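Peer 1: Quick one: the structure is below, questions incoming.
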Amino acid sequence: MLILPFPKRQSIAFSTRMVNLYNLARETPEAELTFDLSKSESLTPFGIIMLTAAISESLRQGKKCTYIKPRKQSLERFLSEIGFNKFFRLKTEAIFPDRLRSGKVQVRRVSGIDALLTETLMEIIGYHVNLSSGLKGSLRMSLQEMMTNVVDHSGTQDYYVCAWTYPRKRQLRLCIADLGIGILRSLRNSKKYESLSDAHESIILATESGVSSRPEKAGLGLNHIKSFISVNEGHMCIISGSGKVFWKFNQGKTLKQKMILPFGGTIIKLIINTDKEGVYFLSDEEDYLV
Amino acid sequence: MKINLKDKCDKQTITRKDGQIINEIIVKAWDKEDKITIEFGNILIASVSFLDEAFGKLAFEYPKDVFVKKLSFENMEEYDRALLNDILISRYHQKELGENGYSKPKRRKIARRPGARRL
């Protein structure tokens, strides 16, 4: 039996460790795994997605999985609230029966484009936070483009998604992860980018306008998401293969980090300021064509 | 000719595949109709993929003046109108560059609400 000790904090700042644990869970020949959350103290949508994906994929491989509950009781309650127990059909009390009041979109595995998911997310977030019409549009656009990117470019239809609001910080955190081929391999499918070899370069390139793995003209979605987060002064982080690029627009910084063990698919995490601007367009109204 | 998005797409207005349905109808009718009106029915689309596939790609086929003369967009949410204009401007800019490569934006991105006038 292999015991996987999850760290105290499971945010994107600890992505290297989280990805290593995820890879270990998937690649180990051990038939029994124990996910040890006893020392865990805090989670983010990124953390819950990595944990859920690690357990879910291990179960799919036929491995027997158990988990050690966090010592911190509030975190145990939180896991229930975010749908972790429900996801694995673990026996739990319904602590937060009103999904609207919680302001959280429970972690879920999605296959293909789910129009209902967008509606659900907008309903839950909209109930909890007073969003401007521009922010609503940009949020809907971001979620739809992230789903479309998985289906169009990742080579898989399946992905994990989770989001929740931080009312005091006036933030919304949204994370989506697929277990597909990753951005570098996807872009290399296009003749134009077949010589690409750097994971960071591929991530940055994928956020430019008109860059796509598809032979036909495409490649606007991720660019629009980046433009929105830029104007919103939020954060955007993309992990794919051995690359991690973190745009901290509120600080004007772009950070690059090499993943010690590459993540096979792509993870996109957004931090959106719910009290800031959501409209980012290039064009002025006097330039409008339609 | 009028194309009603609700009738043609129902709620499927997210993917490029969804947008292709509308694009094909437009391309088919282009030479036969003087004017093609797209009825949005005040639904918020907010999908770059859908709007680009349905309308943005027409920029590679038809000049600006022809596009503007032929197509009209009714009952469109302000956000979608701004998004569509953004897509069209990007695509016409790419067309000017004569390639399907990525293009740098002409202007710095600015925070502005659709409908708000610049001072």
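Following the order of the structure tokens, chains are lettered A, B, ..., residues in each are numbered from 1, and ligands are numbered from 1.
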Taking 3 positions as the minimum chain separation for residues in the same chain, which residues sit within 8 Å of stretch 70-79 of chain B when counting only C-alpha atoms? Answer as a list in words.

Peer 2: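 So, after excluding close chain neighbours, the residues are Ser133, Gly134, Gly137 and Val290 of chain A; Trp30, Asp34, Lys35, Ile36, Thr37, Ile38, Glu39, Phe40, Gly41, Asn42, Ile43, Leu44, Ala46, Val66, Phe67, Ala82, Leu83, Pro114 and Gly115 of chain B.
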
Peer 1: Please save C-alpha atoms of the selected residues as a PDB file, in the first residue's frame.

Peer 2:
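Listing of result_20.pdb after writing:
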ATOM      1  CA  SER A 133     -23.289  42.871 -16.801  1.00  0.00           C
ATOM      2  CA  GLY A 134     -19.810  43.132 -18.334  1.00  0.00           C
ATOM      3  CA  GLY A 137     -20.542  38.270 -19.980  1.00  0.00           C
ATOM      4  CA  VAL A 290     -22.090  45.980 -36.730  1.00  0.00           C
TER       5      VAL A 290
ATOM      6  CA  TRP B  30     -25.095  35.199 -49.532  1.00  0.00           C
ATOM      7  CA  ASP B  34     -29.704  41.375 -50.573  1.00  0.00           C
ATOM      8  CA  LYS B  35     -29.873  41.483 -46.791  1.00  0.00           C
ATOM      9  CA  ILE B  36     -29.453  38.807 -44.139  1.00  0.00           C
ATOM     10  CA  THR B  37     -30.716  39.635 -40.651  1.00  0.00           C
ATOM     11  CA  ILE B  38     -29.580  37.665 -37.635  1.00  0.00           C
ATOM     12  CA  GLU B  39     -32.135  37.698 -34.817  1.00  0.00           C
ATOM     13  CA  PHE B  40     -30.426  37.125 -31.470  1.00  0.00           C
ATOM     14  CA  GLY B  41     -33.613  37.309 -29.383  1.00  0.00           C
ATOM     15  CA  ASN B  42     -31.707  39.030 -26.541  1.00  0.00           C
ATOM     16  CA  ILE B  43     -29.946  35.841 -25.482  1.00  0.00           C
ATOM     17  CA  LEU B  44     -26.419  36.275 -24.189  1.00  0.00           C
ATOM     18  CA  ALA B  46     -20.667  35.245 -24.864  1.00  0.00           C
ATOM     19  CA  VAL B  66     -19.817  44.175 -48.275  1.00  0.00           C
ATOM     20  CA  PHE B  67     -20.100  42.489 -44.869  1.00  0.00           C
ATOM     21  CA  ALA B  82     -18.830  44.431 -28.442  1.00  0.00           C
ATOM     22  CA  LEU B  83     -17.404  40.892 -28.562  1.00  0.00           C
ATOM     23  CA  PRO B 114     -20.192  48.617 -23.967  1.00  0.00           C
ATOM     24  CA  GLY B 115     -22.477  51.540 -24.649  1.00  0.00           C
TER      25      GLY B 115
END

Peer 1: Just the residues within 6 Å of A:Leu174, please, counting only C-alpha atoms, with nothing from its chain fewer than 6 positions along; format it as a PyMOL selection string.

Peer 2: chain A and resi 163+269-270

Peer 1: Deliver the residues from the most recent selection as a file, using N, CA and C atoms, as an mmCIF file, in the first residue's frame.

Peer 2:
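Output below, filename part_13.cif:
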data_model
loop_
_atom_site.group_PDB
_atom_site.id
_atom_site.type_symbol
_atom_site.label_atom_id
_atom_site.label_comp_id
_atom_site.auth_asym_id
_atom_site.auth_seq_id
_atom_site.Cartn_x
_atom_site.Cartn_y
_atom_site.Cartn_z
ATOM 1 N N ALA A 163 -15.293 25.799 -8.722
ATOM 2 C CA ALA A 163 -15.202 27.254 -8.551
ATOM 3 C C ALA A 163 -15.827 27.646 -7.238
ATOM 4 N N LYS A 269 -6.218 28.092 -14.116
ATOM 5 C CA LYS A 269 -6.831 28.648 -12.910
ATOM 6 C C LYS A 269 -6.978 30.153 -13.066
ATOM 7 N N LEU A 270 -8.145 30.653 -12.725
ATOM 8 C CA LEU A 270 -8.390 32.095 -12.820
ATOM 9 C C LEU A 270 -8.783 32.648 -11.455
#

Peer 1: Report as JSON lines: every residue of chain A with an atom at most 7 Å from chain B, its closest pair of atoms, and their distance in Å to one decimal, counting only C-alpha atoms, with rows sorted by chain and ascending residue number.

Peer 2:
{"residue": "A:Gly134", "atom": "CA", "partner": "B:Tyr79", "partner_atom": "CA", "distance": 6.5}
{"residue": "A:Gly137", "atom": "CA", "partner": "B:Ala46", "partner_atom": "CA", "distance": 5.7}
{"residue": "A:Arg140", "atom": "CA", "partner": "B:Ala46", "partner_atom": "CA", "distance": 6.2}
{"residue": "A:Met141", "atom": "CA", "partner": "B:Ala46", "partner_atom": "CA", "distance": 4.7}
{"residue": "A:Gln144", "atom": "CA", "partner": "B:Ser47", "partner_atom": "CA", "distance": 6.4}
{"residue": "A:Glu145", "atom": "CA", "partner": "B:Ser47", "partner_atom": "CA", "distance": 6.7}
{"residue": "A:Thr148", "atom": "CA", "partner": "B:Thr15", "partner_atom": "CA", "distance": 6.1}
{"residue": "A:Glu208", "atom": "CA", "partner": "B:Tyr102", "partner_atom": "CA", "distance": 6.3}
{"residue": "A:Ser209", "atom": "CA", "partner": "B:Tyr102", "partner_atom": "CA", "distance": 5.0}
{"residue": "A:Gly210", "atom": "CA", "partner": "B:Tyr102", "partner_atom": "CA", "distance": 4.2}
{"residue": "A:Val211", "atom": "CA", "partner": "B:Tyr102", "partner_atom": "CA", "distance": 5.5}
{"residue": "A:Lys217", "atom": "CA", "partner": "B:Asn100", "partner_atom": "CA", "distance": 6.3}
{"residue": "A:Leu220", "atom": "CA", "partner": "B:Val48", "partner_atom": "CA", "distance": 6.8}
{"residue": "A:Gly221", "atom": "CA", "partner": "B:Val48", "partner_atom": "CA", "distance": 5.8}
{"residue": "A:Val231", "atom": "CA", "partner": "B:Ala111", "partner_atom": "CA", "distance": 6.0}
{"residue": "A:Glu277", "atom": "CA", "partner": "B:Ala111", "partner_atom": "CA", "distance": 6.6}
{"residue": "A:Val279", "atom": "CA", "partner": "B:Ala111", "partner_atom": "CA", "distance": 5.8}
{"residue": "A:Tyr280", "atom": "CA", "partner": "B:Ala111", "partner_atom": "CA", "distance": 5.1}
{"residue": "A:Phe281", "atom": "CA", "partner": "B:Asp86", "partner_atom": "CA", "distance": 6.2}
{"residue": "A:Leu282", "atom": "CA", "partner": "B:Lys109", "partner_atom": "CA", "distance": 5.2}
{"residue": "A:Ser283", "atom": "CA", "partner": "B:Asp86", "partner_atom": "CA", "distance": 5.7}
{"residue": "A:Tyr288", "atom": "CA", "partner": "B:Asn85", "partner_atom": "CA", "distance": 5.7}
{"residue": "A:Leu289", "atom": "CA", "partner": "B:Asn85", "partner_atom": "CA", "distance": 6.2}
{"residue": "A:Val290", "atom": "CA", "partner": "B:Val68", "partner_atom": "CA", "distance": 6.6}

Peer 1: Using only C-alpha atoms, pick whichever of B:Lys95, B:Leu51, B:Tyr62, B:Ile3 has the shortest atom-to-atom distance to B:Ile25.

Peer 2: B:Ile3

Peer 1: As a VMD selection string, please: all residues of stretch 250-281 of chain A that backbone DSSP puts in strand (DSSP E or B).

Peer 2: chain A and resid 253 to 273
